[in-house]
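Working notes for the structure below.
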Amino acid sequence: MDKNINITIKVWRQKGPKSKGSFETYKLNNVSQSSSFLEMLDVLNEQLISEGKEPVAFDHDCREGICGMCSLYINGHPHGPDSAVTTCQLHMRKFEDGATITVEPWRSAGFPVIRDLMVDRYAFDKIIQAGGFVSVNTGGVPDANAIPISKKDADLAMDAAACIGCGACVAACKNGSAMLFVSAKVSQLSLLPQGKVEAARRAKAMIAKMDELGFGNCTNTRACEAECPKEVSISNIARLNREFIKAKLAD
Amino acid sequence: MSTINSKIPQGSLSDKWKNYKDHQKLVNPANKRRLDIIVVGTGLAGASAAATLAELGFNVLNFCIQDSPRRAHSIAAQGGINAAKNYQNDGDSVYRLFYDTIKGGDYRAREANVYRLAEVSNSIIDQCVAQGVPFAREYGGLLDNRSFGGAQVSRTFYARGQTGQQLLLGAYSALSRQIGLGRVKMYKRHEMLDVVTIDGRARGIIARNLVTGKLERFAAHAVVVATGGYVNTFFLSTNAMGSNGSAAWQCYKKGAWFANPCYVQIHPTCIPVHGEFQSKLTLMSESLRNDGRIWVPKKKEDAEFIRAGQLKPTQIKEEDRDYYLERRYPAFGNLVPRDVASRAAKERCDAGYGVGSTGLAVYLDFAEAINRLGRHVVEQRYGNLFQMYEKIVDDNPYETPMMIFPALHYAMGGLWVDYELMTSIPGLFAIGEANFSDHGANRLGASALMQGLADGYFVLPYTIQNYLADQIQVPRFKTDAPEFDAAEKSIEDRIKKLMNIKGNRSVDSLHKELGHIMWEHIGMARNSEGLKEAITLLGKLKQEFWSNVRIPGESADLNIELEKALRLADFIEIGELMARDAYNREESCGGHFREEYQTPEGEALRRDDLLSYVSCWEYKGDNIEPELLKENLEYEFVVRQQRNYKN
């Protein structure tokens with residue numbers, strides 16, 4: 001049964017991208033274990049506002065695990081200690097009475113801090129802009145059932161397409177690599193006949209953009225897969241590597 | 001009676017859109033390059049419009065409040081998207097999708113708009129498949145379908161429980177391609193705070209850069225608002241935390257009519273409220289009603305024992321369960337439309353049969369489906385939803401029935417638009433949930449995605465050209481025009497006023513208070529006394545807000561409390577207009593239920609002789625009553641009836 005607990009939370013506070021940040025420690029009493037982690041932060045912010053202090057800035061929006069906006073590094077794990085959830089789906093019942101909880105932003109060269117726990121992930125959008133699409137304009141496309149696609153391929157493509165672009169994979173990786181993110185999109189599209197046409201160009205363009213934006217290399221530590229809230233598999237990275245090598249060989 | 005011209009084309013129902021396209025004005029490629037269009041919002045409607053307009057050759061400026069265009073709340077739509085493909089050979093057609101939608105909306109939408117929506121629905125599916133959207137498929141490789149409420153055919157296409165996500169990512173990928181090509185300029189973390197009109201036409205916007213806090217000016221030949229709905233007025237809803245009605249509301253204050261604000265949808269299957277700290281409500285997809293059965297105990301004493309925690313739902317015998325939707329609506333059963341299902345749940349709970357510790361919940365049970373199909377099939381169909389439920393409630397829905405209760409979900413009302421999706425301000429367009437156009441008084445499941453993408457991919461890119469064709473001689477605007485100065489100055493003053501209040505109440509505490517007033521008086525059941533009281537209470541709340549809100553920090557800086565305060569100021573006013581509209585509409589239809597107007601069986605009682613019109617509210621100034629204009633709804637093709645889902 002859920003009960004109320006008392007906790008201490010250490011939160012990273014940082015005024016701007018160039019400022020020096022530090023941890024601030026706050027005590028919160030009577031936190032309901034039925035509340036979500038972000039609702040706990042709402043309560044903390046209410047407390048800070050009532051004391052005349054500035055609330056903690058953090059990104060969040062849908063609060064049901066799909067928009068990919070929330071991005072907290074909690075007790076050393078992106079999205080916290082529970083598995084297969086985003087921060088907004090993490091509930092306080094995962095913490096004991098008296099616990100001390102450390103909350104940090106994603107830390108990666110590719111994601112500069114904007115304020116406190118908020119980071120800039122526009123690099124992910126730039127990678128998609130480089131090639132994460134099928135080049136079709138609106139209109140003039142064939143009937144949806146004109147191209148049969150095996151259920152197996154459609155399911156695998158869907159597994160990869162489940163990526164929410166939150167950046168937990170990058171935050172989890174000691175190299176700050178975005179390979180899981182890139183491979184999810186490349187896999188989704190290369191598994192489907194619609195995306196095969198420009199598969200080679202896509203793989204090369206997205207990898208080049210990822211390198212240019214300062215993301216690190218993949219050394220197969222599998223930390224990304226372990227922390228991914230949508231359980232996107234690293235077999236996608238293998239598929240990306242195959243696509244990339246095929247493309248390079250064809251050059 | 002009506003002086004409003006909605007510009008419905010001539011011809012039979014199935015010829016109207018064709019006639020329009022055959023005769024509308026177009027803009028040639030060289031001129032398209034000289035025209036700028038602002039699109040505010042990057043959800044299904046905004047992203048698909050921005051991408052398509054850029055593909056056509058226009059210069060597009062696109063805005064979103066989130067850190068990326070991919071975050072818009074369309075992403076959270078779960079169940080599916082309707083289309084009249086008839087791939088299942090079960091009797092579907094464009095006419096049937098049109099008919100179901102107009103009936104589902106309780107005959108309060110325009111026939112011509114809804115027919116067009118049904119017509120373009122098929123192109124949407126083709127387009128999404130071409131983009132690489134991984135819809136669910138059969139073993140033969142063709143697309144799979146399922147059923148949604150208010151339909152007797154299977155016409156809903158889906159991608160597991162994440163259809164909105166996949167469709168949005170499809171539109172986002174098309175948009176990203178255009179951003180990469182330099183044809184769309186993307187402004188993320190920017191919030192539109194006003195529309196700028198010059199000589200009566202929309203010519204630009206003022207947006208606040210949410211990172212720096214600075215106000216920025218943008219000019220264009222036309223402005224498209226695709227900023228979603230306003231149900232966060234209720235504080236607790238299934239919308240995202242940032243979803244708000246402010247962009248639409250600022251258009252209203254500049255003269256665009258606001259239509260049918262009282263039509264909001266209360267979705268029957270959401271996880272019930274469980275505490276004061278709660279920040280939002282989570283939807284459990286309507287698709288669950290394909291296999292889940294809704295029930296409460298037949299005996300009051302069983303319900304009482306359950307509420308006291310002395311009895312479990314699995315201990316209630318089959319014959320002691322009341323599957324009230326199957327009982328009341330044998331023809332549609334658990335798949336009645338949302339308004340009907342929500343009211344039926346409220347009726348049972350009000351009568352004392354509700355479950356959960358609060359008594360404000362009913363069961364959604366999969367035991368029969370698991371027996372019939374096996375657990376693995378249920379898991380395949382709804383696995384992610386079951387996981388989501390378990391993470392929130394800490395209960396295993398494979399073993400014990402889910403508990404659900406209605407929650408605010410969608411706004412059918414919104415900015416009034418004509419057949420061309422243009423508001424009453426020339427050059428200002430509204431698409432997707434932000435407009436009022438296609439769902440009447442109640443939206444059917446899987447129709448929001450259809451409408452958002454129809455507007456963005458296949459309707460607006462045509463109709464906006466009919467307007468822009470007359471604008472090709474108009475040179476690009478400079479943002480130093482006096483109209484921009486005035487708009488920016490009025491926002492600056494408003495922000496200054498807010499920052500200077502330095503009161504004692506947080507924005508959230510006031511927003512929660514607003515939510516309580518809304519739910520209590522303008523929620524699932526409304527009456528004239530309650531609505532009058534709501535208007536009084538909202539007036540008091542407005543005063544409290546403007547004299548006692550506390551916003552820490554600086555205005556010319558990242559300031560989340562200020563963002564929320566600006567939105568709340570508008571939500572309070574939206575709430576007032578909703579109450580006014582609900583008070584005026586002395587009938588029950590769709591999501592709007594006035595207790596005074598119901599049949600002996602407790603069904604909604606429409607009054608077509610008196611209220612067959614779209615309520616269009618025109619702003620007249622602060623603290624002055626808005627004027628009600630009426631667009632008469634003519635039904636030429638469909639015979640209106642009392643909605644019947646019983647037989």
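Going through the structure tokens in order, the chains are called A, B, and so on, while each chain numbers its residues from 1 and the ligands are numbered from 1 in the order shown.
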
- Message: Give me, as a VMD selection string, all polymer residues having an atom no more than 10 Å from Asn5 in chain B, counting only C-alpha atoms and skipping those fewer than 4 positions away in the same chain.
- Response: chain B and resid 418 to 419 424 631 to 632

May I have the residues from that selection written out with N, CA and C atoms, as a PDB file, in the first residue's frame?
```
ATOM      1  N   ASP B 418     -14.679  29.307 -41.741  1.00  0.00           N
ATOM      2  CA  ASP B 418     -15.582  29.013 -42.845  1.00  0.00           C
ATOM      3  C   ASP B 418     -15.110  27.724 -43.538  1.00  0.00           C
ATOM      4  N   TYR B 419     -15.716  27.411 -44.648  1.00  0.00           N
ATOM      5  CA  TYR B 419     -15.370  26.184 -45.378  1.00  0.00           C
ATOM      6  C   TYR B 419     -13.892  26.172 -45.776  1.00  0.00           C
ATOM      7  N   SER B 424     -12.897  34.658 -38.892  1.00  0.00           N
ATOM      8  CA  SER B 424     -13.578  35.875 -39.324  1.00  0.00           C
ATOM      9  C   SER B 424     -12.596  37.030 -39.539  1.00  0.00           C
ATOM     10  N   GLU B 631     -24.664  31.120 -36.708  1.00  0.00           N
ATOM     11  CA  GLU B 631     -24.584  30.544 -38.050  1.00  0.00           C
ATOM     12  C   GLU B 631     -25.608  29.419 -38.097  1.00  0.00           C
ATOM     13  N   ASN B 632     -26.613  29.602 -38.904  1.00  0.00           N
ATOM     14  CA  ASN B 632     -27.670  28.600 -38.977  1.00  0.00           C
ATOM     15  C   ASN B 632     -27.145  27.323 -39.611  1.00  0.00           C
TER      16      ASN B 632
END
```

Contacts between chain B and chain A, please, where a residue of chain A counts if it comes within 7 Å (with only C-alpha atoms); show its shortest atom pair and distance in Å to one decimal, rows by chain and ascending number, as JSON lines.
```
{"residue": "A:Ser35", "atom": "CA", "partner": "B:Gln278", "partner_atom": "CA", "distance": 6.9}
{"residue": "A:Glu39", "atom": "CA", "partner": "B:Ser279", "partner_atom": "CA", "distance": 6.4}
{"residue": "A:Glu46", "atom": "CA", "partner": "B:Ser506", "partner_atom": "CA", "distance": 7.0}
{"residue": "A:Ile49", "atom": "CA", "partner": "B:Ser506", "partner_atom": "CA", "distance": 6.9}
{"residue": "A:Gly52", "atom": "CA", "partner": "B:Pro552", "partner_atom": "CA", "distance": 6.7}
{"residue": "A:Lys53", "atom": "CA", "partner": "B:Pro552", "partner_atom": "CA", "distance": 6.8}
{"residue": "A:Glu54", "atom": "CA", "partner": "B:Pro552", "partner_atom": "CA", "distance": 5.8}
{"residue": "A:Asp61", "atom": "CA", "partner": "B:Met241", "partner_atom": "CA", "distance": 5.0}
{"residue": "A:Cys62", "atom": "CA", "partner": "B:Ala240", "partner_atom": "CA", "distance": 4.0}
{"residue": "A:Arg63", "atom": "CA", "partner": "B:Ala240", "partner_atom": "CA", "distance": 6.7}
{"residue": "A:Glu64", "atom": "CA", "partner": "B:Thr282", "partner_atom": "CA", "distance": 6.6}
{"residue": "A:Ile66", "atom": "CA", "partner": "B:Ala76", "partner_atom": "CA", "distance": 6.0}
{"residue": "A:Cys67", "atom": "CA", "partner": "B:Arg71", "partner_atom": "CA", "distance": 4.9}
{"residue": "A:Gly68", "atom": "CA", "partner": "B:Arg71", "partner_atom": "CA", "distance": 6.8}
{"residue": "A:Met69", "atom": "CA", "partner": "B:Arg71", "partner_atom": "CA", "distance": 6.8}
{"residue": "A:Gln89", "atom": "CA", "partner": "B:Lys391", "partner_atom": "CA", "distance": 6.7}
{"residue": "A:Tyr122", "atom": "CA", "partner": "B:Ser68", "partner_atom": "CA", "distance": 6.6}
{"residue": "A:Ile128", "atom": "CA", "partner": "B:Ser176", "partner_atom": "CA", "distance": 6.5}
{"residue": "A:Gln129", "atom": "CA", "partner": "B:Ser176", "partner_atom": "CA", "distance": 4.6}
{"residue": "A:Ala130", "atom": "CA", "partner": "B:Gly180", "partner_atom": "CA", "distance": 6.3}
{"residue": "A:Gly132", "atom": "CA", "partner": "B:Ser173", "partner_atom": "CA", "distance": 6.5}
{"residue": "A:Phe133", "atom": "CA", "partner": "B:Ser173", "partner_atom": "CA", "distance": 5.0}
{"residue": "A:Val134", "atom": "CA", "partner": "B:Gln131", "partner_atom": "CA", "distance": 5.4}
{"residue": "A:Val136", "atom": "CA", "partner": "B:Gln131", "partner_atom": "CA", "distance": 6.8}
{"residue": "A:Asn137", "atom": "CA", "partner": "B:Glu55", "partner_atom": "CA", "distance": 6.5}
{"residue": "A:Thr138", "atom": "CA", "partner": "B:Thr52", "partner_atom": "CA", "distance": 6.1}
{"residue": "A:Gly139", "atom": "CA", "partner": "B:Gln127", "partner_atom": "CA", "distance": 6.7}
{"residue": "A:Val141", "atom": "CA", "partner": "B:Gln127", "partner_atom": "CA", "distance": 6.3}
{"residue": "A:Pro142", "atom": "CA", "partner": "B:Asp126", "partner_atom": "CA", "distance": 6.4}
{"residue": "A:Asp143", "atom": "CA", "partner": "B:Asp126", "partner_atom": "CA", "distance": 5.3}
{"residue": "A:Ala144", "atom": "CA", "partner": "B:Asp126", "partner_atom": "CA", "distance": 4.3}
{"residue": "A:Asn145", "atom": "CA", "partner": "B:Leu142", "partner_atom": "CA", "distance": 5.8}
{"residue": "A:Pro148", "atom": "CA", "partner": "B:Gly141", "partner_atom": "CA", "distance": 4.4}
{"residue": "A:Ile149", "atom": "CA", "partner": "B:Gly141", "partner_atom": "CA", "distance": 4.5}
{"residue": "A:Ser150", "atom": "CA", "partner": "B:Gly141", "partner_atom": "CA", "distance": 4.6}
{"residue": "A:Lys151", "atom": "CA", "partner": "B:Tyr139", "partner_atom": "CA", "distance": 5.3}
{"residue": "A:Ala154", "atom": "CA", "partner": "B:Pro134", "partner_atom": "CA", "distance": 5.8}
{"residue": "A:Ala157", "atom": "CA", "partner": "B:Pro134", "partner_atom": "CA", "distance": 6.3}
{"residue": "A:Met158", "atom": "CA", "partner": "B:Pro134", "partner_atom": "CA", "distance": 5.5}
{"residue": "A:Leu189", "atom": "CA", "partner": "B:Gly132", "partner_atom": "CA", "distance": 6.3}
{"residue": "A:Leu192", "atom": "CA", "partner": "B:Gly132", "partner_atom": "CA", "distance": 6.8}
{"residue": "A:Gln194", "atom": "CA", "partner": "B:Ala130", "partner_atom": "CA", "distance": 6.0}
{"residue": "A:Gly195", "atom": "CA", "partner": "B:Gly132", "partner_atom": "CA", "distance": 6.6}
```

Only C-alpha atoms, please: the residues just picked out, written as a compact mmCIF listing (two decimals), in the first residue's frame.
```
# COMPACT_ATOMS: atom_id res chain seq x y z
CA SER A 35 2.36 10.71 -6.75
CA GLU A 39 4.30 15.68 -9.09
CA GLU A 46 5.15 25.14 -4.66
CA ILE A 49 7.52 29.72 -4.53
CA GLY A 52 9.87 33.49 -2.39
CA LYS A 53 12.52 31.44 -4.19
CA GLU A 54 12.78 30.51 -7.86
CA ASP A 61 4.77 17.98 -21.03
CA CYS A 62 2.51 14.98 -21.70
CA ARG A 63 3.18 13.26 -18.37
CA GLU A 64 2.20 9.93 -19.83
CA ILE A 66 5.22 9.52 -24.87
CA CYS A 67 6.28 13.09 -25.68
CA GLY A 68 9.89 12.49 -24.67
CA MET A 69 10.25 15.89 -23.04
CA GLN A 89 5.92 7.63 -15.24
CA TYR A 122 17.84 20.34 -30.82
CA ILE A 128 16.47 13.86 -38.38
CA GLN A 129 16.59 16.88 -40.69
CA ALA A 130 19.70 15.40 -42.28
CA GLY A 132 15.39 10.76 -41.05
CA PHE A 133 12.50 10.76 -43.52
CA VAL A 134 11.16 9.30 -46.73
CA VAL A 136 7.74 12.02 -50.54
CA ASN A 137 5.60 15.11 -50.96
CA THR A 138 1.97 15.26 -49.93
CA GLY A 139 -0.30 13.69 -52.55
CA VAL A 141 1.25 8.39 -53.49
CA PRO A 142 0.02 4.84 -54.15
CA ASP A 143 -2.90 3.19 -52.34
CA ALA A 144 -1.94 2.17 -48.82
CA ASN A 145 -2.55 -1.51 -49.54
CA PRO A 148 2.17 -5.52 -48.78
CA ILE A 149 4.64 -5.55 -45.91
CA SER A 150 5.23 -8.68 -43.87
CA LYS A 151 3.85 -8.48 -40.36
CA ALA A 154 6.11 -4.07 -39.79
CA ALA A 157 9.83 -1.31 -37.72
CA MET A 158 7.29 -0.39 -35.05
CA LEU A 189 12.80 3.12 -42.48
CA LEU A 192 10.08 -0.91 -44.91
CA GLN A 194 9.05 2.80 -48.73
CA GLY A 195 12.31 3.69 -47.00
```

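If only C-alpha atoms are the atoms counted, then among A:Phe244, A:Phe23, A:Phe215, A:Phe37 the closest residue to Ala109 in chain A is A:Phe215.
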
- Write down as a ChimeraX atom specification the residues belonging to range 86-244 of chain A that are assigned alpha helix (DSSP H) by DSSP computed on the backbone. /A:122-131,151-161,168-172,179-190,193-196,199-212,223-227,235-244

- Task: Per DSSP on the backbone, filter range 13-213 of chain B down to the residues in strand (DSSP E or B) and report them as a PyMOL selection string.
- Result: chain B and resi 36-40+59-63+81-82+137+143+146+156-157+184-187+190-198+201-209

- Task: Using only C-alpha atoms, pick whichever of A:Cys88, A:Leu191, A:Val113, A:Ile127 has the shortest atom-to-atom distance to Lys20 in chain A.
- Result: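 The closest residue to Lys20 in chain A is A:Val113.
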
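Residues in contact with Val40 in chain B at up to 9 Å, not including ones fewer than 6 positions away on its chain and judged by only C-alpha atoms, are Gly46, Leu61, Asn62, Phe63, Cys64, Glu191, Met192, Val223, Val224, Val225, Ala226, Thr227 and Ala247 of chain B.
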
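When only C-alpha atoms are used to compute distances to Lys27 in chain A, the closest of the residues A:Pro229, A:Gly131, A:Gly98, A:Gly80 turns out to be A:Gly98.
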
- Query: Rounded to one decimal in Å, what is the spacing between CA of Thr463 in chain B and CA of Trp416 in chain B?
  - Reply: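 Interatomic distance, CA of Thr463 in chain B to CA of Trp416 in chain B: 15.5 Å.
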
- Message: What's around Val614 in chain B at 8 Å? Count only C-alpha atoms, leave out sequence neighbours fewer than 6 positions away in its own chain, and write the answer as a list in words.
- Response: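 Near Val614 in chain B, the qualifying residues are Arg108, Ala259, Asn260, Lys630, Glu631, Asn632 and Leu633 of chain B.
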
- Item | Shell around Leu90 in chain A at 10 Å using only C-alpha atoms, local window under 2 positions removed, as a PyMOL selection string | (chain A and resi 35-38+65+79-88+92-94) or (chain B and resi 391-392)

Kindly save the residues from that selection, with N, CA and C atoms included, as a PDB file, in the first residue's frame.
```
ATOM      1  N   SER A  35       2.079   9.625  -5.824  1.00  0.00           N
ATOM      2  CA  SER A  35       2.356  10.711  -6.754  1.00  0.00           C
ATOM      3  C   SER A  35       3.511  10.320  -7.666  1.00  0.00           C
ATOM      4  N   SER A  36       3.538  10.941  -8.811  1.00  0.00           N
ATOM      5  CA  SER A  36       4.632  10.678  -9.738  1.00  0.00           C
ATOM      6  C   SER A  36       5.840  11.510  -9.315  1.00  0.00           C
ATOM      7  N   PHE A  37       6.991  11.191  -9.886  1.00  0.00           N
ATOM      8  CA  PHE A  37       8.208  11.921  -9.533  1.00  0.00           C
ATOM      9  C   PHE A  37       8.046  13.406  -9.852  1.00  0.00           C
ATOM     10  N   LEU A  38       7.426  13.700 -11.007  1.00  0.00           N
ATOM     11  CA  LEU A  38       7.266  15.104 -11.401  1.00  0.00           C
ATOM     12  C   LEU A  38       6.248  15.817 -10.512  1.00  0.00           C
ATOM     13  N   GLY A  65       4.434   9.556 -20.668  1.00  0.00           N
ATOM     14  CA  GLY A  65       5.495   8.703 -21.191  1.00  0.00           C
ATOM     15  C   GLY A  65       5.654   8.651 -22.689  1.00  0.00           C
ATOM     16  N   HIS A  79      16.029   8.780 -16.247  1.00  0.00           N
ATOM     17  CA  HIS A  79      14.639   8.431 -15.919  1.00  0.00           C
ATOM     18  C   HIS A  79      14.513   7.612 -14.622  1.00  0.00           C
ATOM     19  N   GLY A  80      15.573   7.528 -13.845  1.00  0.00           N
ATOM     20  CA  GLY A  80      15.453   6.943 -12.506  1.00  0.00           C
ATOM     21  C   GLY A  80      15.539   5.432 -12.445  1.00  0.00           C
ATOM     22  N   PRO A  81      15.272   4.901 -11.250  1.00  0.00           N
ATOM     23  CA  PRO A  81      15.552   3.486 -10.981  1.00  0.00           C
ATOM     24  C   PRO A  81      14.570   2.479 -11.584  1.00  0.00           C
ATOM     25  N   ASP A  82      13.373   2.882 -11.973  1.00  0.00           N
ATOM     26  CA  ASP A  82      12.416   1.914 -12.515  1.00  0.00           C
ATOM     27  C   ASP A  82      12.809   1.590 -13.958  1.00  0.00           C
ATOM     28  N   SER A  83      12.344   0.432 -14.448  1.00  0.00           N
ATOM     29  CA  SER A  83      12.702   0.067 -15.819  1.00  0.00           C
ATOM     30  C   SER A  83      11.565   0.401 -16.776  1.00  0.00           C
ATOM     31  N   ALA A  84      11.935   0.672 -18.025  1.00  0.00           N
ATOM     32  CA  ALA A  84      10.963   0.885 -19.106  1.00  0.00           C
ATOM     33  C   ALA A  84       9.958   1.993 -18.813  1.00  0.00           C
ATOM     34  N   VAL A  85      10.406   3.044 -18.125  1.00  0.00           N
ATOM     35  CA  VAL A  85       9.534   4.207 -17.927  1.00  0.00           C
ATOM     36  C   VAL A  85      10.308   5.495 -18.166  1.00  0.00           C
ATOM     37  N   THR A  86       9.557   6.540 -18.502  1.00  0.00           N
ATOM     38  CA  THR A  86      10.137   7.876 -18.527  1.00  0.00           C
ATOM     39  C   THR A  86      10.022   8.462 -17.119  1.00  0.00           C
ATOM     40  N   THR A  87      10.685   9.610 -16.912  1.00  0.00           N
ATOM     41  CA  THR A  87      10.654  10.232 -15.586  1.00  0.00           C
ATOM     42  C   THR A  87       9.223  10.496 -15.126  1.00  0.00           C
ATOM     43  N   CYS A  88       8.374  10.908 -16.069  1.00  0.00           N
ATOM     44  CA  CYS A  88       7.006  11.263 -15.670  1.00  0.00           C
ATOM     45  C   CYS A  88       6.198  10.041 -15.231  1.00  0.00           C
ATOM     46  N   MET A  92       6.619   7.643  -6.784  1.00  0.00           N
ATOM     47  CA  MET A  92       7.371   7.772  -5.541  1.00  0.00           C
ATOM     48  C   MET A  92       7.364   6.488  -4.724  1.00  0.00           C
ATOM     49  N   ARG A  93       6.515   5.522  -5.120  1.00  0.00           N
ATOM     50  CA  ARG A  93       6.536   4.246  -4.391  1.00  0.00           C
ATOM     51  C   ARG A  93       7.822   3.478  -4.635  1.00  0.00           C
ATOM     52  N   LYS A  94       8.629   3.947  -5.596  1.00  0.00           N
ATOM     53  CA  LYS A  94       9.938   3.317  -5.831  1.00  0.00           C
ATOM     54  C   LYS A  94      10.979   3.809  -4.832  1.00  0.00           C
TER      55      LYS A  94
ATOM     56  N   LYS B 391       1.922   0.974 -14.022  1.00  0.00           N
ATOM     57  CA  LYS B 391       2.920   1.885 -13.452  1.00  0.00           C
ATOM     58  C   LYS B 391       2.247   2.983 -12.622  1.00  0.00           C
ATOM     59  N   ILE B 392       1.076   3.421 -13.048  1.00  0.00           N
ATOM     60  CA  ILE B 392       0.417   4.530 -12.351  1.00  0.00           C
ATOM     61  C   ILE B 392      -0.338   4.031 -11.120  1.00  0.00           C
TER      62      ILE B 392
END
```

- Message: Could you list, as a ChimeraX atom specification, every residue within 12 Å of Ala207 in chain B, counting only C-alpha atoms and ignoring same-chain residues fewer than 4 positions away?
- Response: /B:38,40,62-65,187-196,211-219,246-247,250,484,487-488,491-492,563

Write out the residues from the selection above, keeping C-alpha atoms, as an mmCIF file, in the first residue's frame.
```cif
data_model
loop_
_atom_site.group_PDB
_atom_site.id
_atom_site.type_symbol
_atom_site.label_atom_id
_atom_site.label_comp_id
_atom_site.auth_asym_id
_atom_site.auth_seq_id
_atom_site.Cartn_x
_atom_site.Cartn_y
_atom_site.Cartn_z
ATOM 1 C CA ILE B 38 3.260 31.665 -40.320
ATOM 2 C CA VAL B 40 1.769 28.257 -35.107
ATOM 3 C CA ASN B 62 6.755 27.427 -37.898
ATOM 4 C CA PHE B 63 6.495 27.845 -34.125
ATOM 5 C CA CYS B 64 6.209 25.520 -31.143
ATOM 6 C CA ILE B 65 6.400 26.010 -27.393
ATOM 7 C CA TYR B 187 11.203 28.515 -33.981
ATOM 8 C CA LYS B 188 11.122 26.179 -31.007
ATOM 9 C CA ARG B 189 10.484 27.280 -27.410
ATOM 10 C CA HIS B 190 8.542 30.250 -28.796
ATOM 11 C CA GLU B 191 5.029 31.064 -27.649
ATOM 12 C CA MET B 192 2.635 33.151 -29.719
ATOM 13 C CA LEU B 193 1.153 35.886 -27.514
ATOM 14 C CA ASP B 194 -0.733 37.934 -30.079
ATOM 15 C CA VAL B 195 -1.764 38.105 -33.712
ATOM 16 C CA VAL B 196 -0.987 41.362 -35.496
ATOM 17 C CA VAL B 211 14.529 30.833 -23.207
ATOM 18 C CA THR B 212 15.450 34.533 -23.214
ATOM 19 C CA GLY B 213 12.037 35.896 -22.226
ATOM 20 C CA LYS B 214 12.268 38.493 -25.014
ATOM 21 C CA LEU B 215 9.315 39.422 -27.212
ATOM 22 C CA GLU B 216 9.954 38.882 -30.920
ATOM 23 C CA ARG B 217 8.022 40.050 -34.000
ATOM 24 C CA PHE B 218 7.261 38.000 -37.115
ATOM 25 C CA ALA B 219 5.464 39.162 -40.264
ATOM 26 C CA SER B 246 -3.992 31.306 -25.360
ATOM 27 C CA ALA B 247 -3.129 31.621 -29.052
ATOM 28 C CA GLN B 250 -5.711 36.173 -28.433
ATOM 29 C CA PHE B 484 3.510 45.654 -34.357
ATOM 30 C CA ALA B 487 0.722 44.760 -30.141
ATOM 31 C CA GLU B 488 4.094 44.372 -28.468
ATOM 32 C CA ILE B 491 1.850 42.463 -24.165
ATOM 33 C CA GLU B 492 4.669 44.244 -22.364
ATOM 34 C CA GLU B 563 4.409 31.361 -18.910
#
```

- Task: May I have the residues within 9 Å of Tyr20 in chain B as a PyMOL selection string, using only C-alpha atoms and disregarding those fewer than 2 positions away in the same chain?
- Result: chain B and resi 8-10+15-18+22-24+463

Write the selection just made, keeping C-alpha atoms, as a short mmCIF file (atom, residue, chain, number, x, y, z; two decimals), in the first residue's frame?
```
data_model
loop_
_atom_site.label_atom_id
_atom_site.label_comp_id
_atom_site.auth_asym_id
_atom_site.auth_seq_id
_atom_site.Cartn_x
_atom_site.Cartn_y
_atom_site.Cartn_z
CA ILE B 8 -20.21 26.33 -48.64
CA PRO B 9 -19.77 25.48 -52.34
CA GLN B 10 -22.71 24.65 -54.54
CA ASP B 15 -19.59 17.40 -55.62
CA LYS B 16 -18.95 20.30 -53.26
CA TRP B 17 -15.26 19.80 -52.56
CA LYS B 18 -14.58 18.84 -56.16
CA ASP B 22 -12.02 22.96 -59.74
CA HIS B 23 -12.82 26.65 -59.49
CA GLN B 24 -10.68 28.05 -56.68
CA THR B 463 -8.00 26.81 -49.53
#
```

- Query: Smallest atom-to-atom distance to Ala161 in chain A: which of A:Arg222, A:Arg121, A:Lys230, A:His91, using only C-alpha atoms?
  - Reply: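 Closest candidate: A:Lys230.
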